[in-house]
Amino acid sequence: MTSNQPLLLSSSPRTVTSASPPLNNGTFDCLRNGNGSYVSSPIRSLNLSRDESQFLFEMPSFDNTNGPSVPGIRGSDSSPNRNPGQNHNPDAIRGSEFYDWEPQQGVFSLGDDWQALELGQHANTNATLRHASKSKPESYSSEVHGSPPGLSNRGTFEIASTTNILSLQKTEAARQQEDLAKGHHGSKPSKTEISTTGDANERVIHINDPKLTNDKYEFTGNEIRTSKYTVVTFLPKNLFVQFHRVAYIYFLVIAALNQLPWLAVFGRTVSLFPLLFVLCVTAIKDGYEDWRRHRSDKKENNRLVEVLQGGQFQYKKWKDISVGEVLKVYATETIPCDMVLLGTSDPSGIAYVQTINLDGESNLKTRYARQETASRKPEREPPSGIIRCEIPNRNIYGFVANMEVEVGGRSIPLVPSNILLRGCQLKNTDWAVGVAVYAGQETKAMLNSSGTPSKRSRLEAYMNRETLWLSFFLFIMCAVVAIGMGQWLERHRDQLTTSPYFRKKYFTNGTDNGEKCNYFGVLMEILISFLSSVIVFQIMIPISLYISMELVRLGQSYFMIGDTRMYDSNSNSRFQCRSLNINEDLGQIKYVFSDKTGTLTENKMEFCNASIYGVNYCNGKVTMDSVGQESTGRHEEKESIAEVLDRQVWRPKMEVKVDAELVRLLGKSFSTQERKVAHEYFLTMAACNTIVPTIIEGERLIDYQGESPDEQALVSAAAAYGYALIERTSGHIVIDILGERQRLDVLGLHEFDSVRKRMSVVVRCPDNTVKVLVKGADSSMLNIMSKTSNNNQVTYMEATENHLHEYASQGLRTLVVGAKNLSDEELEEWQHSYQEASTALIDRTALLREAASLIECNLNLLGATGIEDKLQDGVPEAIESLREAGVKVWVLTGDKQETAISIGLSCKLLTHNMQQIIINGTSKDVCKKLLEEAKATYGISRVETRKSFSKRQKSIDIAQAEGIQETEGIQAFPESRSHVIRQITDINDISKGHGIVGASDRHPPLALIIDGTSLVYILESDLEQELFDLAISCRVVLCCRVAPLQKAGVVDLIKSRTNDMTLAIGDGANDVSMIQMADVGVGISGQEGRQAVMASDFAMGQFKFLKRLLLVHGHWNYQRVGYLVLYNFYRNAVFVLMLFWYILYTAFSTTSALTDWSSVFYSVIYTSVPTIVVGILDKDLSHKTLLRYPKLYGSGHRQESYNLQLFWLTMADTLWQSLVLFYVPYLSYENSTIDIWSMGSLWTIAVVVLVNVHLSMDIQRWALITHAAVWGSIIVTYACLVILDSLPGLPNYWTIYQIAKSSSYWLNIILITFLALLPRFLLKVLKQRFWPSDIQIAREAEILRKTPGHLSVKLTEIKGLPGH
């Protein structure tokens, strides 16, 4: 196509012919070629999307001889009158549509009755679309049958390149005009003329037609698989996963090197044993777990459900269900897939489901079938239609879709209450029928079935640092051996032919006489010697440590789960260990970030206060001082609404305390304004919710089930005052108002969201008035109330605000209630906007929010509510103990500031002597000013880096502990128990003041209180550092009105700037991001479901258990694992160094005096069991002492059980012990005729005895199993030596039988053990005598308490703590 050749396209319906769906064929009647004449070309595809009337032309390219390829266009909405989301009836192609191509201007123009959708891209082009000016309207031609001529407003688009796709969409005006002319022009298109399709952001389901649904889109089946492996893939996939550990790759390389003949230090089979042992143990564990998953999957996939087939329901396996099929589920059965509800046994289409398998919530939830489908019986009238829904996603609380029950029918919006999710159970409903929309792995339950995010232990990260040091030592030793070998070869160059130890040729009389040995020259021999040394010294990197740590953590988790003191009888929940990687991190927590509602409080709401028309009804007293009236007391006798009305009324199952004065007010006539306001107040409480009422027959009781405890409390309170919600359907609700039932038609519901922070419902009352009833947070409600100059209204508003502050100061949760009548114009405008938003597939939430804003304005204030959420048992004591332990507790809540402060005081988080720093900024500049003023007032300095902060923090912790000990004059062996206890109480007083960084001692303790609005400006700007400086200088931080992501941002503020361990604890879905961000996440099994539990590392029933989890189990785990790592480093290093000293005396030949099997068994059998037993069971202090003196937890903050200094001390001790281990036998038998295998046997048993006695010196609590493990390992070693030395084929045959007869053998073992451990013993005595730690002092206190009267108690504690 040249630049001066116009193109006129026309499509005529007469040329459309039938073809295989979804494509339809036709021709362009007029296609002008390069010579100005027209050519005919077939249309490959004609596509109409019914709800949007979208036509899709797909045209082929043309030969250059007949003209260039036709430009394709996909544009965006160009009509200025276009109303997004408007639902229109589809229509067919009528007449001809003409489009002018003007290449001179590069403009493709459409008449006003069409608009472009989006630019399609050809495979060989990069087409783009830009809006162009609406120029030259006279040059365009438009002729549409059924629409009036003379359309002038035309949208134009500029085409940048060509493609073969043309997609157009009718505008609203054209469709309306064609609707008017339907009776005069044409008829509905046939199925051959229409092909329904979806774009990349939606899927199309044909109801009761799974074949048509799945033929094109090939949706996944309903078979699920949670297993990781199959029989074929198990071995390769499992090995691939295991070899993600670098240490395994290291040992694989070592084993491979040992297979080479000139590097074979050990036997080829023996060298593979350690790695194969670890791989096999892990593979067996993984295989067993996956077998259990396979068994569970098979059971799940073979369950049966009824599916509509041939006009009747027949049983079908779950795994055979396809998207589009209609299913029937009966009461108590589990939903097999995500399905849109079409009908239920209830005529109104209501179904009740329990989602405990999905989110852990046991309360019933209501789901509704659309009225258009609820009345149909599937057997007599098989359902049909089309559902367009969003692509599968994880959001279990969201669902965006539209449904067309009939072809060409109107589009019906579908919302989350119209879908039943896989895993839910049908309750209180005989049966429910639905169509499958998501199946198998695409269901929301399966998409959310990912495990807890993997977290890495801080101690394990430090361990890797020390592993690098050990690798460096290994390299040095191998280099020494290699260099020594080179020097030895140079010195003995002339003796290589006759040397008995190393030679170039054989000189024996055998067949090899005169043959060359494997000699490769000096340089190659040096390399071979280096690699051989790596093989000999391979266990310097302890491979057994990894499996030992896994087993120890598993054992620790077993005892934590079994701790009966962390069992919650109220929720019948035990402690859960959902992650086995971070047990030891529990002993180093410095910051605890806690939610308030449901975590510190019970999340069991009780309606306490009502503010109605400026009057506060509270605890039987009525106060009207705020409106300038006298306060009135309530009558002594208690009255109920039934007594006042003198009739039977419905009562809520939940017990509610009522105010007699308010009850008498409700018994009066509607003659006063106060009575009218009270009526609308309780009407709003009863109607504006999603509560499901369940009538208990015979008792006139109603049990209310709902997702929100707040709503349950409000609806129950309304029922207690005579406004009982009796029935709820998708279209109406029935409320028993003071004994008379009234039906309210529900016209629309705007559910609560975190942006609006309110909920509203539009109802039509029996008198045909339309009301909007709204409730929400005061921060979002007060500014949408009607602004009036009426003095009474202003006074009424001020009184309500005063009541809100009073409620918040008492720690109550507050809501504001409002309502207004809607005029016909307001109702029509809202309905139009609400319908558009409800049927939108894109941005439905935002559009619904805009629709809500049309009616949620200029409300009449009715009053406010105050709901009490009581503190959980033991919360104040737990927080106080954590504070004494040096743990900072921060509370992050969505409640208002006054409520949070009140709860903080009641739980002892805040104290009255604290100086409160309140940051409530409305802009970035204001926040910056407030932060700078606070820092200047209290002398808080800036912390520049994480490293500098961590060093200062650690130095302060150590200085405080040591300084206080010095001033107290601590003695290692006090004369009395009381003296020891006094010292323990005084030592390690961490952060007694207000902070640790730069704060002056002149000021009282600081508490920072900041709101979510301020955090918006701070966390997204350069003010983060300012907030960090201020926050870490405060003993308490309280964040109010914070969103879930802000909670995670606050955690990251500390985590990213310090090396301190963080723990987040919460109970709801809004705490998930915070839990996953923290180093350790703890979920509470509370009233808000199990989202927090499923995302957590540990889970428990109540906050108070956190005290025991950290102070007891955390301390034990950290102390055990820290010692386990150091001991494993020592145990393997002492063995390797012993071999190293021996090689120095064997011409650097990497010859070993130990048998191959003894070298392999050393870390796998001889010494592994005692390490694991001690790592699981050893306790340096009893649980009573740890709970009595929380400051002992500070040892984890100072890293007393594992640090770099301890590592170097351990290595120095290891060096000494290895020298003793080698030289004592060497010097003893220097001039004897003992053979090398006898010496190796002595070294084997000596090193095993040495490391086990070394371990026994550090064991704090001896139990029977500990004795069996430590001393039993020595016996097992002897047994193995006897067996190995009894095998004739081995070179050490009968060695142990000969050497054991010698007294020097036994004396050597005793002497080695004594000399090797003497420096360690003396150092321990000196340290405990002159520089005792707080742990050692507490240990002495326990020893002093061990009198005959307490002996039985001590034995019980040694054998195992109850639950431990």
# chains A, B, ... in the order shown; residues from 1 in each chain; ligands from 1
>>> select_by_dssp(residues="stretch 354-574 of chain A", states="alpha helix (DSSP H)", output="compact mmCIF listing (two decimals) with N, CA, C and O atoms, in the first residue's frame")
# COMPACT_ATOMS: atom_id res chain seq x y z
N ILE A 356 -13.85 -24.12 57.79
CA ILE A 356 -12.77 -24.45 58.73
C ILE A 356 -11.59 -25.11 58.00
O ILE A 356 -10.44 -24.94 58.40
N ASN A 357 -11.86 -25.86 56.94
CA ASN A 357 -10.76 -26.49 56.19
C ASN A 357 -10.00 -25.50 55.33
O ASN A 357 -8.90 -25.80 54.86
N LEU A 358 -10.59 -24.34 55.11
CA LEU A 358 -9.97 -23.34 54.24
C LEU A 358 -9.23 -22.28 55.03
O LEU A 358 -8.08 -21.97 54.75
N ASP A 359 -9.90 -21.71 56.02
CA ASP A 359 -9.26 -20.65 56.80
C ASP A 359 -9.34 -20.88 58.30
O ASP A 359 -8.93 -20.02 59.07
N GLN A 371 -31.20 -15.01 42.21
CA GLN A 371 -32.62 -15.28 42.11
C GLN A 371 -33.01 -15.78 40.72
O GLN A 371 -33.99 -16.50 40.55
N GLU A 372 -32.21 -15.41 39.71
CA GLU A 372 -32.50 -15.84 38.34
C GLU A 372 -32.34 -17.35 38.17
O GLU A 372 -32.90 -17.94 37.24
N THR A 373 -31.55 -17.98 39.04
CA THR A 373 -31.33 -19.43 38.92
C THR A 373 -31.84 -20.22 40.12
O THR A 373 -31.95 -21.44 40.03
N ALA A 374 -32.14 -19.54 41.21
CA ALA A 374 -32.46 -20.25 42.46
C ALA A 374 -33.75 -21.05 42.36
O ALA A 374 -33.91 -22.09 43.01
N LYS A 444 -9.01 -22.12 44.57
CA LYS A 444 -8.38 -21.17 45.47
C LYS A 444 -7.72 -21.88 46.65
O LYS A 444 -6.69 -21.43 47.16
N ALA A 445 -8.31 -22.99 47.07
CA ALA A 445 -7.72 -23.74 48.18
C ALA A 445 -6.35 -24.29 47.80
O ALA A 445 -5.40 -24.23 48.59
N MET A 446 -6.24 -24.83 46.59
CA MET A 446 -4.96 -25.39 46.17
C MET A 446 -3.94 -24.30 45.88
O MET A 446 -2.74 -24.48 46.13
N LEU A 447 -4.38 -23.18 45.34
CA LEU A 447 -3.46 -22.08 45.09
C LEU A 447 -2.91 -21.50 46.39
O LEU A 447 -1.85 -20.88 46.40
N ARG A 458 19.59 -17.88 62.43
CA ARG A 458 20.72 -16.96 62.55
C ARG A 458 21.98 -17.71 62.97
O ARG A 458 23.07 -17.43 62.46
N LEU A 459 21.85 -18.67 63.87
CA LEU A 459 23.01 -19.43 64.32
C LEU A 459 23.57 -20.26 63.17
O LEU A 459 24.78 -20.43 63.06
N GLU A 460 22.70 -20.77 62.30
CA GLU A 460 23.17 -21.53 61.16
C GLU A 460 23.95 -20.64 60.20
O GLU A 460 24.92 -21.08 59.57
N ALA A 461 23.54 -19.39 60.08
CA ALA A 461 24.30 -18.45 59.24
C ALA A 461 25.69 -18.21 59.83
O ALA A 461 26.69 -18.16 59.10
N TYR A 462 25.76 -18.05 61.16
CA TYR A 462 27.06 -17.92 61.81
C TYR A 462 27.89 -19.20 61.63
O TYR A 462 29.11 -19.15 61.48
N MET A 463 27.21 -20.34 61.69
CA MET A 463 27.90 -21.62 61.53
C MET A 463 28.59 -21.70 60.17
O MET A 463 29.70 -22.21 60.05
N ASN A 464 27.94 -21.17 59.16
CA ASN A 464 28.55 -21.16 57.83
C ASN A 464 29.81 -20.29 57.80
O ASN A 464 30.76 -20.59 57.07
N ARG A 465 29.81 -19.24 58.60
CA ARG A 465 31.01 -18.41 58.69
C ARG A 465 32.17 -19.21 59.27
O ARG A 465 33.29 -19.18 58.74
N GLU A 466 31.90 -19.97 60.32
CA GLU A 466 32.95 -20.79 60.91
C GLU A 466 33.35 -21.95 59.99
O GLU A 466 34.50 -22.41 60.00
N THR A 467 32.39 -22.43 59.20
CA THR A 467 32.72 -23.47 58.24
C THR A 467 33.73 -22.97 57.22
O THR A 467 34.62 -23.71 56.79
N LEU A 468 33.60 -21.73 56.85
CA LEU A 468 34.60 -21.14 55.93
C LEU A 468 35.98 -21.11 56.58
O LEU A 468 36.99 -21.35 55.90
N TRP A 469 36.04 -20.79 57.87
CA TRP A 469 37.32 -20.81 58.56
C TRP A 469 37.91 -22.23 58.59
O TRP A 469 39.11 -22.42 58.37
N LEU A 470 37.04 -23.20 58.83
CA LEU A 470 37.52 -24.58 58.82
C LEU A 470 38.00 -24.99 57.43
O LEU A 470 38.97 -25.73 57.29
N SER A 471 37.31 -24.50 56.41
CA SER A 471 37.76 -24.78 55.04
C SER A 471 39.13 -24.16 54.79
O SER A 471 39.98 -24.76 54.11
N PHE A 472 39.34 -22.98 55.35
CA PHE A 472 40.64 -22.33 55.21
C PHE A 472 41.73 -23.16 55.91
O PHE A 472 42.83 -23.37 55.37
N PHE A 473 41.43 -23.65 57.13
CA PHE A 473 42.39 -24.50 57.84
C PHE A 473 42.66 -25.78 57.05
O PHE A 473 43.81 -26.26 56.97
N LEU A 474 41.61 -26.33 56.46
CA LEU A 474 41.77 -27.53 55.65
C LEU A 474 42.71 -27.27 54.48
O LEU A 474 43.58 -28.09 54.17
N PHE A 475 42.53 -26.15 53.84
CA PHE A 475 43.40 -25.79 52.72
C PHE A 475 44.84 -25.64 53.18
O PHE A 475 45.78 -26.11 52.51
N ILE A 476 45.05 -25.00 54.34
CA ILE A 476 46.40 -24.81 54.87
C ILE A 476 47.06 -26.15 55.15
O ILE A 476 48.22 -26.40 54.78
N MET A 477 46.32 -27.07 55.80
CA MET A 477 46.89 -28.37 56.12
C MET A 477 47.23 -29.16 54.86
O MET A 477 48.30 -29.78 54.76
N CYS A 478 46.33 -29.12 53.89
CA CYS A 478 46.59 -29.84 52.64
C CYS A 478 47.78 -29.23 51.90
O CYS A 478 48.59 -29.95 51.29
N ALA A 479 47.90 -27.89 51.95
CA ALA A 479 49.03 -27.23 51.30
C ALA A 479 50.34 -27.60 51.99
O ALA A 479 51.36 -27.82 51.32
N VAL A 480 50.31 -27.68 53.33
CA VAL A 480 51.52 -28.08 54.07
C VAL A 480 51.95 -29.48 53.67
O VAL A 480 53.14 -29.76 53.42
N VAL A 481 50.98 -30.38 53.58
CA VAL A 481 51.30 -31.76 53.20
C VAL A 481 51.84 -31.81 51.78
O VAL A 481 52.83 -32.50 51.49
N ALA A 482 51.22 -31.06 50.88
CA ALA A 482 51.65 -31.08 49.48
C ALA A 482 53.04 -30.48 49.32
O ALA A 482 53.90 -31.04 48.62
N ILE A 483 53.28 -29.35 49.97
CA ILE A 483 54.60 -28.72 49.88
C ILE A 483 55.66 -29.62 50.53
O ILE A 483 56.77 -29.77 50.03
N GLY A 484 55.28 -30.21 51.67
CA GLY A 484 56.20 -31.13 52.33
C GLY A 484 56.54 -32.32 51.44
O GLY A 484 57.69 -32.78 51.40
N MET A 485 55.56 -32.82 50.72
CA MET A 485 55.81 -33.91 49.79
C MET A 485 56.79 -33.49 48.70
O MET A 485 57.73 -34.22 48.35
N GLY A 486 56.63 -32.29 48.17
CA GLY A 486 57.54 -31.80 47.14
C GLY A 486 58.96 -31.67 47.65
O GLY A 486 59.92 -32.07 46.97
N GLN A 487 59.08 -31.10 48.85
CA GLN A 487 60.42 -30.97 49.42
C GLN A 487 61.04 -32.34 49.71
O GLN A 487 62.25 -32.56 49.49
N TRP A 488 60.25 -33.27 50.18
CA TRP A 488 60.78 -34.62 50.47
C TRP A 488 61.27 -35.29 49.19
O TRP A 488 62.32 -35.94 49.16
N LEU A 489 60.51 -35.12 48.10
CA LEU A 489 60.93 -35.70 46.83
C LEU A 489 62.22 -35.08 46.33
O LEU A 489 63.09 -35.77 45.75
N GLU A 490 62.36 -33.77 46.53
CA GLU A 490 63.59 -33.11 46.08
C GLU A 490 64.78 -33.58 46.91
O GLU A 490 65.87 -33.80 46.38
N ARG A 491 64.58 -33.73 48.22
CA ARG A 491 65.69 -34.16 49.08
C ARG A 491 66.08 -35.61 48.81
O ARG A 491 67.23 -36.00 49.02
N VAL A 522 57.47 -34.41 40.06
CA VAL A 522 57.33 -33.68 41.33
C VAL A 522 56.07 -32.84 41.36
O VAL A 522 55.29 -32.86 42.33
N LEU A 523 55.82 -32.08 40.31
CA LEU A 523 54.67 -31.18 40.32
C LEU A 523 53.36 -31.95 40.40
O LEU A 523 52.46 -31.60 41.17
N MET A 524 53.25 -33.00 39.62
CA MET A 524 52.03 -33.78 39.68
C MET A 524 51.89 -34.51 41.00
O MET A 524 50.78 -34.65 41.52
N GLU A 525 53.00 -34.95 41.56
CA GLU A 525 52.94 -35.61 42.86
C GLU A 525 52.49 -34.64 43.94
O GLU A 525 51.79 -35.01 44.88
N ILE A 526 52.90 -33.37 43.81
CA ILE A 526 52.44 -32.35 44.77
C ILE A 526 50.93 -32.18 44.67
O ILE A 526 50.21 -32.12 45.67
N LEU A 527 50.42 -32.12 43.43
CA LEU A 527 48.97 -31.97 43.23
C LEU A 527 48.22 -33.18 43.76
O LEU A 527 47.20 -33.05 44.44
N ILE A 528 48.74 -34.36 43.44
CA ILE A 528 48.10 -35.58 43.92
C ILE A 528 48.13 -35.64 45.44
O ILE A 528 47.15 -36.04 46.09
N SER A 529 49.22 -35.22 46.03
CA SER A 529 49.32 -35.20 47.49
C SER A 529 48.30 -34.23 48.08
O SER A 529 47.68 -34.51 49.12
N PHE A 530 48.12 -33.10 47.43
CA PHE A 530 47.14 -32.11 47.93
C PHE A 530 45.73 -32.69 47.89
O PHE A 530 44.97 -32.61 48.88
N LEU A 531 45.37 -33.30 46.77
CA LEU A 531 44.02 -33.87 46.65
C LEU A 531 43.83 -35.05 47.59
O LEU A 531 42.75 -35.23 48.16
N SER A 532 44.88 -35.84 47.76
CA SER A 532 44.79 -36.97 48.70
C SER A 532 44.59 -36.47 50.12
O SER A 532 43.84 -37.07 50.91
N SER A 533 45.24 -35.38 50.46
CA SER A 533 45.07 -34.79 51.80
C SER A 533 43.65 -34.31 52.01
O SER A 533 43.08 -34.44 53.10
N VAL A 534 43.08 -33.73 50.95
CA VAL A 534 41.68 -33.30 51.06
C VAL A 534 40.78 -34.47 51.39
O VAL A 534 39.86 -34.38 52.21
N ILE A 535 41.06 -35.63 50.76
CA ILE A 535 40.26 -36.82 51.03
C ILE A 535 40.46 -37.30 52.47
O ILE A 535 39.50 -37.64 53.17
N VAL A 536 41.69 -37.32 52.92
CA VAL A 536 41.98 -37.80 54.27
C VAL A 536 41.37 -36.88 55.33
O VAL A 536 40.82 -37.34 56.34
N ILE A 543 30.01 -33.36 57.98
CA ILE A 543 28.77 -33.67 57.28
C ILE A 543 27.71 -34.17 58.24
O ILE A 543 26.51 -33.97 58.06
N SER A 544 28.15 -34.85 59.30
CA SER A 544 27.19 -35.37 60.27
C SER A 544 26.49 -34.27 61.04
O SER A 544 25.43 -34.49 61.63
N LEU A 545 27.06 -33.06 61.05
CA LEU A 545 26.45 -31.96 61.79
C LEU A 545 25.07 -31.63 61.23
O LEU A 545 24.16 -31.30 61.98
N TYR A 546 24.93 -31.71 59.92
CA TYR A 546 23.65 -31.33 59.31
C TYR A 546 22.53 -32.27 59.73
O TYR A 546 21.45 -31.83 60.12
N ILE A 547 22.78 -33.55 59.66
CA ILE A 547 21.74 -34.49 60.05
C ILE A 547 21.54 -34.48 61.57
O ILE A 547 20.43 -34.66 62.05
N SER A 548 22.61 -34.23 62.33
CA SER A 548 22.47 -34.12 63.78
C SER A 548 21.58 -32.94 64.16
O SER A 548 20.72 -33.05 65.04
N MET A 549 21.77 -31.81 63.48
CA MET A 549 20.95 -30.63 63.77
C MET A 549 19.48 -30.88 63.43
O MET A 549 18.59 -30.47 64.18
N GLU A 550 19.22 -31.59 62.34
CA GLU A 550 17.84 -31.89 61.99
C GLU A 550 17.19 -32.79 63.04
O GLU A 550 16.05 -32.56 63.45
N LEU A 551 17.91 -33.80 63.49
CA LEU A 551 17.37 -34.71 64.49
C LEU A 551 17.18 -34.01 65.83
O LEU A 551 16.18 -34.23 66.52
N VAL A 552 18.13 -33.15 66.19
CA VAL A 552 18.01 -32.41 67.46
C VAL A 552 16.82 -31.47 67.41
O VAL A 552 16.03 -31.38 68.36
N ARG A 553 16.66 -30.75 66.32
CA ARG A 553 15.52 -29.84 66.20
C ARG A 553 14.21 -30.60 66.21
O ARG A 553 13.21 -30.13 66.79
N LEU A 554 14.19 -31.78 65.59
CA LEU A 554 12.99 -32.60 65.62
C LEU A 554 12.66 -33.03 67.05
O LEU A 554 11.50 -32.99 67.47
N GLY A 555 13.68 -33.45 67.79
CA GLY A 555 13.44 -33.83 69.19
C GLY A 555 13.00 -32.67 70.03
O GLY A 555 12.10 -32.80 70.88
N GLN A 556 13.61 -31.50 69.85
CA GLN A 556 13.19 -30.32 70.58
C GLN A 556 11.74 -29.97 70.28
O GLN A 556 10.97 -29.62 71.19
N SER A 557 11.36 -30.07 69.01
CA SER A 557 9.98 -29.75 68.63
C SER A 557 9.01 -30.73 69.27
O SER A 557 7.91 -30.35 69.68
N TYR A 558 9.42 -31.98 69.37
CA TYR A 558 8.55 -32.98 69.99
C TYR A 558 8.23 -32.60 71.43
O TYR A 558 7.08 -32.69 71.87
N PHE A 559 9.24 -32.17 72.16
CA PHE A 559 9.01 -31.81 73.56
C PHE A 559 8.28 -30.47 73.70
O PHE A 559 7.52 -30.28 74.65
N MET A 560 8.49 -29.56 72.77
CA MET A 560 7.73 -28.30 72.82
C MET A 560 6.25 -28.57 72.55
O MET A 560 5.37 -28.01 73.22
N ILE A 561 5.97 -29.42 71.57
CA ILE A 561 4.58 -29.75 71.27
C ILE A 561 3.93 -30.46 72.45
O ILE A 561 2.75 -30.27 72.75
>>> residues_around(residues="A:Lys328", least_positions_apart="5", cutoff="12 Å", atoms="only C-alpha atoms", output="ChimeraX atom specification")
/A:304-309,312-316,321,333-337,339-345,377-379,420,426,429-436
>>> atom_distance(atom1="atom CA of A:Ala724", atom2="atom CA of A:Leu701")
9.9 Å
>>> residues_around(residues="A:Lys1047", least_positions_apart="4", cutoff="10 Å", atoms="only C-alpha atoms", output="list in words")
Phe593, Ser594, Asp595, Val891, Leu892, Thr893, Gly894, Gly1012, Leu1015, Cys1039, Val1042, Ala1043, Val1051, Asp1052, Leu1053, Ala1064, Asn1070, Asp1071, Val1072, Ser1073, Met1074, Ile1075 and Met1077 of chain A
>>> closest_residue(among="A:Thr1155, A:Asn572, A:Thr226, A:Asn1203", to="A:Pro1291", atoms="only C-alpha atoms")
A:Thr1155
>>> decode(residues="stretch 319-355 of chain A", atoms="C-alpha atoms", output="PDB file, in the first residue's frame")
ATOM      1  CA  LYS A 319     -10.911 -36.334  39.803  1.00  0.00           C
ATOM      2  CA  ASP A 320     -13.178 -36.716  36.751  1.00  0.00           C
ATOM      3  CA  ILE A 321     -15.051 -33.440  37.256  1.00  0.00           C
ATOM      4  CA  SER A 322     -14.617 -30.882  34.468  1.00  0.00           C
ATOM      5  CA  VAL A 323     -15.120 -27.136  34.431  1.00  0.00           C
ATOM      6  CA  GLY A 324     -18.652 -26.354  33.269  1.00  0.00           C
ATOM      7  CA  GLU A 325     -20.318 -29.389  34.840  1.00  0.00           C
ATOM      8  CA  VAL A 326     -23.258 -28.945  37.195  1.00  0.00           C
ATOM      9  CA  LEU A 327     -22.774 -30.598  40.593  1.00  0.00           C
ATOM     10  CA  LYS A 328     -25.086 -31.416  43.468  1.00  0.00           C
ATOM     11  CA  VAL A 329     -23.710 -31.490  47.001  1.00  0.00           C
ATOM     12  CA  TYR A 330     -25.649 -32.659  50.050  1.00  0.00           C
ATOM     13  CA  ALA A 331     -25.549 -31.562  53.691  1.00  0.00           C
ATOM     14  CA  THR A 332     -22.289 -32.216  55.588  1.00  0.00           C
ATOM     15  CA  GLU A 333     -20.514 -33.054  52.318  1.00  0.00           C
ATOM     16  CA  THR A 334     -17.367 -31.264  51.217  1.00  0.00           C
ATOM     17  CA  ILE A 335     -17.364 -29.039  48.159  1.00  0.00           C
ATOM     18  CA  PRO A 336     -15.227 -30.799  45.493  1.00  0.00           C
ATOM     19  CA  CYS A 337     -14.231 -27.719  43.472  1.00  0.00           C
ATOM     20  CA  ASP A 338     -14.873 -23.997  43.266  1.00  0.00           C
ATOM     21  CA  MET A 339     -18.406 -23.675  41.953  1.00  0.00           C
ATOM     22  CA  VAL A 340     -20.893 -20.874  41.394  1.00  0.00           C
ATOM     23  CA  LEU A 341     -24.066 -21.527  43.365  1.00  0.00           C
ATOM     24  CA  LEU A 342     -27.124 -21.988  41.136  1.00  0.00           C
ATOM     25  CA  GLY A 343     -29.720 -23.191  43.631  1.00  0.00           C
ATOM     26  CA  THR A 344     -30.301 -24.799  47.009  1.00  0.00           C
ATOM     27  CA  SER A 345     -32.959 -26.657  48.936  1.00  0.00           C
ATOM     28  CA  ASP A 346     -33.969 -23.299  50.372  1.00  0.00           C
ATOM     29  CA  PRO A 347     -36.450 -21.522  48.045  1.00  0.00           C
ATOM     30  CA  SER A 348     -34.564 -18.262  48.501  1.00  0.00           C
ATOM     31  CA  GLY A 349     -31.290 -19.848  47.358  1.00  0.00           C
ATOM     32  CA  ILE A 350     -29.394 -19.594  50.664  1.00  0.00           C
ATOM     33  CA  ALA A 351     -26.680 -22.065  51.611  1.00  0.00           C
ATOM     34  CA  TYR A 352     -24.652 -22.205  54.797  1.00  0.00           C
ATOM     35  CA  VAL A 353     -21.052 -23.333  54.646  1.00  0.00           C
ATOM     36  CA  GLN A 354     -18.285 -23.913  57.129  1.00  0.00           C
ATOM     37  CA  THR A 355     -14.823 -22.878  55.944  1.00  0.00           C
TER      38      THR A 355
END
